[in-house]
file model.cif (mmCIF, C-alpha atoms)
data_data
#
loop_
_atom_site.group_PDB
_atom_site.id
_atom_site.type_symbol
_atom_site.label_atom_id
_atom_site.label_comp_id
_atom_site.auth_asym_id
_atom_site.auth_seq_id
_atom_site.Cartn_x
_atom_site.Cartn_y
_atom_site.Cartn_z
ATOM 1 C CA GLU A 1 110.399 -95.739 -10.422
ATOM 2 C CA THR A 2 111.171 -97.500 -13.699
ATOM 3 C CA LEU A 3 110.856 -94.181 -15.542
ATOM 4 C CA ALA A 4 113.331 -92.591 -13.127
ATOM 5 C CA LEU A 5 115.769 -95.488 -13.453
ATOM 6 C CA ASN A 6 115.638 -95.319 -17.243
ATOM 7 C CA THR A 7 115.710 -91.543 -17.767
ATOM 8 C CA SER A 8 117.874 -90.064 -15.017
ATOM 9 C CA PRO A 9 120.484 -87.694 -16.458
ATOM 10 C CA ASP A 10 122.870 -88.590 -13.603
ATOM 11 C CA PRO A 11 121.906 -92.062 -12.338
ATOM 12 C CA HIS A 12 123.089 -93.695 -9.145
ATOM 13 C CA SER A 13 125.524 -96.576 -9.349
ATOM 14 C CA LEU A 14 123.216 -99.088 -7.638
ATOM 15 C CA TYR A 15 119.635 -99.233 -6.483
ATOM 16 C CA MET A 16 117.613 -101.854 -4.598
ATOM 17 C CA HIS A 17 114.006 -101.755 -3.519
ATOM 18 C CA PHE A 18 111.255 -103.660 -1.838
ATOM 19 C CA ALA A 19 107.685 -102.377 -2.086
ATOM 20 C CA ASP A 20 107.976 -98.650 -1.348
ATOM 21 C CA ASP A 21 111.440 -98.640 0.224
ATOM 22 C CA GLY A 22 114.572 -98.026 -1.841
ATOM 23 C CA PHE A 23 118.286 -98.111 -1.107
ATOM 24 C CA GLY A 24 120.705 -96.354 -3.440
ATOM 25 C CA LYS A 25 124.424 -95.727 -3.732
ATOM 26 C CA PHE A 26 125.276 -92.146 -4.654
ATOM 27 C CA ARG A 27 128.578 -90.304 -5.067
ATOM 28 C CA ASN A 28 127.758 -87.877 -2.283
ATOM 29 C CA ARG A 29 124.896 -86.117 -0.487
ATOM 30 C CA ASN A 30 124.427 -83.550 -3.293
ATOM 31 C CA HIS A 31 124.098 -86.322 -5.873
ATOM 32 C CA ALA A 32 121.444 -88.022 -3.723
ATOM 33 C CA VAL A 33 119.492 -84.758 -3.309
ATOM 34 C CA ALA A 34 119.681 -84.014 -7.059
ATOM 35 C CA TYR A 35 118.372 -87.501 -7.860
ATOM 36 C CA LEU A 36 115.543 -87.071 -5.337
ATOM 37 C CA GLU A 37 114.535 -83.787 -6.972
ATOM 38 C CA PHE A 38 114.598 -85.457 -10.392
ATOM 39 C CA VAL A 39 112.430 -88.380 -9.236
ATOM 40 C CA ASN A 40 109.930 -86.052 -7.561
ATOM 41 C CA SER A 41 109.668 -83.966 -10.745
ATOM 42 C CA LEU A 42 108.367 -86.965 -12.695
ATOM 43 C CA SER A 43 104.973 -87.211 -10.989
ATOM 44 C CA THR A 44 102.779 -85.164 -8.715
ATOM 45 C CA ASP A 45 101.053 -88.327 -7.445
ATOM 46 C CA LEU A 46 104.046 -89.549 -5.450
ATOM 47 C CA THR A 47 106.552 -87.750 -3.277
ATOM 48 C CA TYR A 48 109.753 -89.546 -2.462
ATOM 49 C CA THR A 49 111.824 -88.724 0.599
ATOM 50 C CA LEU A 50 115.472 -89.186 1.383
ATOM 51 C CA GLU A 51 117.067 -90.533 4.508
ATOM 52 C CA HIS A 52 120.728 -89.836 5.144
ATOM 53 C CA PRO A 53 122.883 -91.847 7.516
ATOM 54 C CA ARG A 54 122.405 -90.949 11.179
ATOM 55 C CA ALA A 55 125.042 -89.152 13.250
ATOM 56 C CA ASP A 56 126.522 -92.540 14.229
ATOM 57 C CA GLY A 57 126.752 -93.520 10.544
ATOM 58 C CA SER A 58 123.962 -96.110 10.648
ATOM 59 C CA LEU A 59 121.239 -96.275 8.034
ATOM 60 C CA PRO A 60 117.929 -98.178 8.298
ATOM 61 C CA PHE A 61 116.553 -100.151 5.361
ATOM 62 C CA LEU A 62 113.388 -102.193 5.914
ATOM 63 C CA ASP A 63 113.979 -104.073 9.190
ATOM 64 C CA VAL A 64 117.780 -103.883 8.996
ATOM 65 C CA LEU A 65 120.033 -101.249 10.496
ATOM 66 C CA LEU A 66 123.318 -101.016 8.589
ATOM 67 C CA HIS A 67 126.031 -99.718 10.938
ATOM 68 C CA ARG A 68 129.131 -97.661 10.080
ATOM 69 C CA ASP A 69 131.327 -100.736 10.681
ATOM 70 C CA LEU A 70 129.133 -102.516 8.073
ATOM 71 C CA SER A 71 127.576 -104.841 10.625
ATOM 72 C CA THR A 72 123.800 -105.180 10.765
ATOM 73 C CA SER A 73 121.183 -105.351 13.482
ATOM 74 C CA VAL A 74 117.407 -105.412 13.709
ATOM 75 C CA TYR A 75 115.803 -102.025 13.044
ATOM 76 C CA ARG A 76 112.497 -100.960 14.548
ATOM 77 C CA LYS A 77 110.865 -97.697 13.607
ATOM 78 C CA PRO A 78 110.528 -95.179 16.435
ATOM 79 C CA THR A 79 106.768 -95.769 16.428
ATOM 80 C CA HIS A 80 107.150 -99.549 16.935
ATOM 81 C CA THR A 81 105.491 -100.564 20.209
ATOM 82 C CA ASP A 82 106.705 -104.164 20.683
ATOM 83 C CA LYS A 83 103.079 -105.162 21.297
ATOM 84 C CA TYR A 84 102.295 -108.688 20.172
ATOM 85 C CA THR A 85 99.646 -111.273 21.014
ATOM 86 C CA HIS A 86 99.570 -111.412 24.801
ATOM 87 C CA TYR A 87 100.347 -114.810 26.270
ATOM 88 C CA THR A 88 97.081 -114.961 28.232
ATOM 89 C CA THR A 89 94.860 -114.425 25.183
ATOM 90 C CA ALA A 90 92.807 -117.259 23.765
ATOM 91 C CA ALA A 91 95.041 -117.481 20.684
ATOM 92 C CA PRO A 92 96.196 -121.013 19.815
ATOM 93 C CA GLN A 93 99.524 -122.063 21.339
ATOM 94 C CA ASN A 94 101.065 -122.514 17.881
ATOM 95 C CA THR A 95 100.443 -118.793 17.195
ATOM 96 C CA LYS A 96 102.305 -117.858 20.377
ATOM 97 C CA ASP A 97 105.119 -120.280 19.505
ATOM 98 C CA ALA A 98 105.338 -118.771 16.013
ATOM 99 C CA LEU A 99 105.920 -115.324 17.522
ATOM 100 C CA ILE A 100 108.890 -116.643 19.491
ATOM 101 C CA ARG A 101 110.292 -118.428 16.432
ATOM 102 C CA SER A 102 109.784 -115.417 14.177
ATOM 103 C CA LEU A 103 111.503 -112.907 16.467
ATOM 104 C CA THR A 104 114.342 -115.354 17.161
ATOM 105 C CA ARG A 105 114.799 -116.241 13.477
ATOM 106 C CA ARG A 106 114.977 -112.560 12.535
ATOM 107 C CA ALA A 107 117.636 -111.960 15.208
ATOM 108 C CA TYR A 108 119.835 -114.831 14.026
ATOM 109 C CA SER A 109 119.311 -113.951 10.363
ATOM 110 C CA ILE A 110 120.164 -110.254 10.663
ATOM 111 C CA CYS A 111 122.524 -109.879 13.625
ATOM 112 C CA PRO A 112 126.193 -110.830 13.613
ATOM 113 C CA PRO A 113 127.701 -112.037 16.918
ATOM 114 C CA GLN A 114 128.442 -108.526 18.240
ATOM 115 C CA HIS A 115 124.769 -107.470 18.040
ATOM 116 C CA LEU A 116 123.072 -110.803 18.787
ATOM 117 C CA PRO A 117 123.178 -110.709 22.622
ATOM 118 C CA ASN A 118 121.448 -107.309 22.706
ATOM 119 C CA GLU A 119 118.765 -108.456 20.277
ATOM 120 C CA LEU A 120 118.107 -111.702 22.174
ATOM 121 C CA SER A 121 117.834 -109.718 25.414
ATOM 122 C CA HIS A 122 115.390 -107.391 23.704
ATOM 123 C CA ILE A 123 113.299 -110.361 22.538
ATOM 124 C CA LYS A 124 113.175 -111.788 26.066
ATOM 125 C CA GLN A 125 112.077 -108.421 27.444
ATOM 126 C CA VAL A 126 109.399 -108.119 24.756
ATOM 127 C CA LEU A 127 108.118 -111.586 25.602
ATOM 128 C CA LEU A 128 107.992 -110.687 29.307
ATOM 129 C CA ASP A 129 106.175 -107.431 28.513
ATOM 130 C CA ASN A 130 103.625 -109.436 26.538
ATOM 131 C CA GLY A 131 102.947 -111.852 29.411
ATOM 132 C CA TYR A 132 105.158 -114.757 28.295
ATOM 133 C CA PRO A 133 106.514 -116.602 31.350
ATOM 134 C CA LEU A 134 110.228 -116.854 30.529
ATOM 135 C CA GLY A 135 110.601 -119.533 33.167
ATOM 136 C CA LEU A 136 108.732 -121.954 30.932
ATOM 137 C CA PRO A 137 111.142 -124.468 29.372
ATOM 138 C CA ARG A 138 108.992 -124.305 26.204
ATOM 139 C CA ILE A 139 110.103 -120.743 25.404
ATOM 140 C CA HIS A 140 113.800 -121.531 25.838
ATOM 141 C CA LEU A 141 113.366 -124.729 23.811
ATOM 142 C CA ILE A 142 111.680 -122.878 20.912
ATOM 143 C CA MET A 143 114.437 -120.249 20.852
ATOM 144 C CA GLN A 144 117.141 -122.930 21.001
ATOM 145 C CA ARG A 145 115.567 -125.047 18.236
ATOM 146 C CA THR A 146 115.229 -121.942 16.055
ATOM 147 C CA LYS A 147 118.927 -121.176 16.583
ATOM 148 C CA VAL A 148 119.901 -124.740 15.667
ATOM 149 C CA SER A 149 117.680 -124.636 12.573
ATOM 150 C CA ILE A 150 119.199 -121.334 11.399
ATOM 151 C CA ASN A 151 122.760 -122.569 12.004
ATOM 152 C CA ARG A 152 122.034 -125.827 10.169
ATOM 153 C CA LYS A 153 120.732 -123.914 7.142
ATOM 154 C CA LYS A 154 123.749 -121.585 7.169
ATOM 155 C CA SER A 155 126.225 -124.463 7.328
ATOM 156 C CA SER A 156 124.493 -126.488 4.587
ATOM 157 C CA LYS A 157 124.410 -123.639 2.045
ATOM 158 C CA PRO A 158 127.350 -123.093 -0.274
ATOM 159 C CA ALA A 159 129.209 -119.847 0.417
ATOM 160 C CA SER A 160 127.603 -116.975 -1.444
ATOM 161 C CA ASN A 161 127.529 -113.205 -1.215
ATOM 162 C CA HIS A 162 123.898 -113.027 -2.290
ATOM 163 C CA ALA A 163 120.709 -114.505 -0.928
ATOM 164 C CA ASP A 164 118.871 -116.768 -3.354
ATOM 165 C CA ALA A 165 115.881 -114.565 -4.186
ATOM 166 C CA CYS A 166 117.407 -111.142 -3.647
ATOM 167 C CA VAL A 167 118.838 -109.156 -6.510
ATOM 168 C CA PRO A 168 119.714 -105.503 -6.976
ATOM 169 C CA SER A 169 117.620 -103.432 -9.333
ATOM 170 C CA THR A 170 119.078 -101.860 -12.414
ATOM 171 C CA PRO A 171 117.393 -99.692 -15.044
ATOM 172 C CA GLN A 172 117.225 -102.781 -17.278
ATOM 173 C CA SER A 173 115.686 -105.074 -14.680
ATOM 174 C CA PRO A 174 113.867 -103.483 -11.743
ATOM 175 C CA SER A 175 113.339 -106.101 -9.062
ATOM 176 C CA PRO A 176 110.647 -106.423 -6.398
ATOM 177 C CA TYR A 177 112.720 -108.735 -4.221
ATOM 178 C CA LYS A 178 113.705 -107.879 -0.669
ATOM 179 C CA PRO A 179 117.483 -107.594 -0.380
ATOM 180 C CA SER A 180 119.137 -109.231 2.588
ATOM 181 C CA PRO A 181 121.886 -107.575 4.641
ATOM 182 C CA ASN A 182 124.438 -109.660 2.710
ATOM 183 C CA VAL A 183 123.092 -108.392 -0.613
ATOM 184 C CA ILE A 184 123.336 -104.812 0.594
ATOM 185 C CA LYS A 185 126.898 -105.320 1.823
ATOM 186 C CA SER A 186 128.160 -107.155 -1.259
ATOM 187 C CA SER A 187 126.411 -104.857 -3.722
ATOM 188 C CA PHE A 188 128.088 -101.849 -2.154
ATOM 189 C CA ASN A 189 131.451 -103.657 -1.940
ATOM 190 C CA ILE A 190 131.376 -103.447 1.842
#

call {"tool": "encode", "arguments": {"input": "model.cif", "output": "structure tokens"}}
result
Amino acid sequence: ETLALNTSPDPHSLYMHFADDGFGKFRNRNHAVAYLEFVNSLSTDLTYTLEHPRADGSLPFLDVLLHRDLSTSVYRKPTHTDKYTHYTTAAPQNTKDALIRSLTRRAYSICPPQHLPNELSHIKQVLLDNGYPLGLPRIHLIMQRTKVSINRKKSSKPASNHADACVPSTPQSPSPYKPSPNVIKSSFNI
């Protein structure tokens, strides 16, 4: 990856990555394909693939789906099963509570208001499918406290276009940090 970033004859204007997933800004589809061919010519040990925006204009990156209108929502791969620790298992209660907090936190962190109701409905359905009794006040309380915690953190942070530990990669400084939806949007001037 570093070799490709440093030696490309026609580099992209921006590139971000996390582990084995990359997100690049190219002039057009042909430029993206040419860069892919260049990267794949550098080594026979790795084969990179390219994902173009879907018919609706959305593009997945990690667990974020970037929509044509530049809003974001939670992305799940087609093979994702929504299977989590079943409520009736002998797992400690704090493990079950952590699942609720984690799914709720991800929804509030990634989804803007227009996508949040669908994601919260999805979470409730997933919890039901995994045996969680939604009638329990505990589940509602955990989701509500998570929402309050997220909102408190958002309101106490100074306005910024970039998340604290998320930076784009450049040929001079490849970065292993996971970009947030805000980093993706601001880096692409969207």

call {"tool": "resolve_selection", "arguments": {"input": "model.cif", "expression": "the PyMOL selection byres ((chain A and resi 31) around 12)", "output": "MDAnalysis selection string"}}
result
chainID A and resid 8:13 24:30 32:38 50

call {"tool": "closest_residue", "arguments": {"input": "model.cif", "among": "A:Arg76, A:Pro133, A:Ala4, A:Ala55", "to": "Ser43 of chain A", "atoms": "all atoms listed in the file"}}
result
A:Ala4

call {"tool": "closest_residue", "arguments": {"input": "model.cif", "among": "A:Leu62, A:Pro112, A:Ser156, A:Ala98", "to": "Ile139 of chain A", "atoms": "only C-alpha atoms"}}
result
A:Ala98

call {"tool": "residues_around", "arguments": {"input": "model.cif", "residues": "Gln144 of chain A", "least_positions_apart": "4", "cutoff": "12 Å", "atoms": "all atoms listed in the file", "output": "PyMOL selection string"}}
result
chain A and resi 100-101+104-105+108+120+137-140+148-151

call {"tool": "atom_distance", "arguments": {"input": "model.cif", "atom1": "atom CA of Asn40 of chain A", "atom2": "atom CA of Arg54 of chain A"}}
result
23.0 Å

call {"tool": "resolve_selection", "arguments": {"input": "model.cif", "expression": "the PyMOL selection byres ((chain A and resi 79-84) around 10)", "output": "JSON, numbers by chain"}}
result
{"A": [75, 76, 77, 78, 85, 86, 87, 96, 99, 122, 123, 125, 126, 127, 129, 130, 131]}

call {"tool": "atom_distance", "arguments": {"input": "model.cif", "atom1": "atom CA of Gly22 of chain A", "atom2": "atom CA of Thr49 of chain A"}}
result
10.0 Å

call {"tool": "atom_distance", "arguments": {"input": "model.cif", "atom1": "atom CA of Arg152 of chain A", "atom2": "atom CA of Phe61 of chain A"}}
result
26.7 Å

call {"tool": "closest_residue", "arguments": {"input": "model.cif", "among": "A:Leu42, A:Pro60, A:Tyr132, A:Ile142", "to": "Asn6 of chain A", "atoms": "all atoms listed in the file"}}
result
A:Leu42

call {"tool": "resolve_selection", "arguments": {"input": "model.cif", "expression": "the PyMOL selection byres ((chain A and resi 64) around 10)", "output": "PDB file with C-alpha atoms, keeping the file's coordinate frame"}}
result
ATOM      1  CA  LEU A  59     121.239 -96.275   8.034  1.00  0.00           C
ATOM      2  CA  PRO A  60     117.929 -98.178   8.298  1.00  0.00           C
ATOM      3  CA  PHE A  61     116.553-100.151   5.361  1.00  0.00           C
ATOM      4  CA  LEU A  62     113.388-102.193   5.914  1.00  0.00           C
ATOM      5  CA  ASP A  63     113.979-104.073   9.190  1.00  0.00           C
ATOM      6  CA  LEU A  65     120.033-101.249  10.496  1.00  0.00           C
ATOM      7  CA  LEU A  66     123.318-101.016   8.589  1.00  0.00           C
ATOM      8  CA  HIS A  67     126.031 -99.718  10.938  1.00  0.00           C
ATOM      9  CA  SER A  71     127.576-104.841  10.625  1.00  0.00           C
ATOM     10  CA  THR A  72     123.800-105.180  10.765  1.00  0.00           C
ATOM     11  CA  SER A  73     121.183-105.351  13.482  1.00  0.00           C
ATOM     12  CA  VAL A  74     117.407-105.412  13.709  1.00  0.00           C
ATOM     13  CA  TYR A  75     115.803-102.025  13.044  1.00  0.00           C
ATOM     14  CA  ARG A  76     112.497-100.960  14.548  1.00  0.00           C
ATOM     15  CA  ARG A 106     114.977-112.560  12.535  1.00  0.00           C
ATOM     16  CA  ILE A 110     120.164-110.254  10.663  1.00  0.00           C
ATOM     17  CA  CYS A 111     122.524-109.879  13.625  1.00  0.00           C
ATOM     18  CA  SER A 180     119.137-109.231   2.588  1.00  0.00           C
ATOM     19  CA  PRO A 181     121.886-107.575   4.641  1.00  0.00           C
TER      20      PRO A 181
END
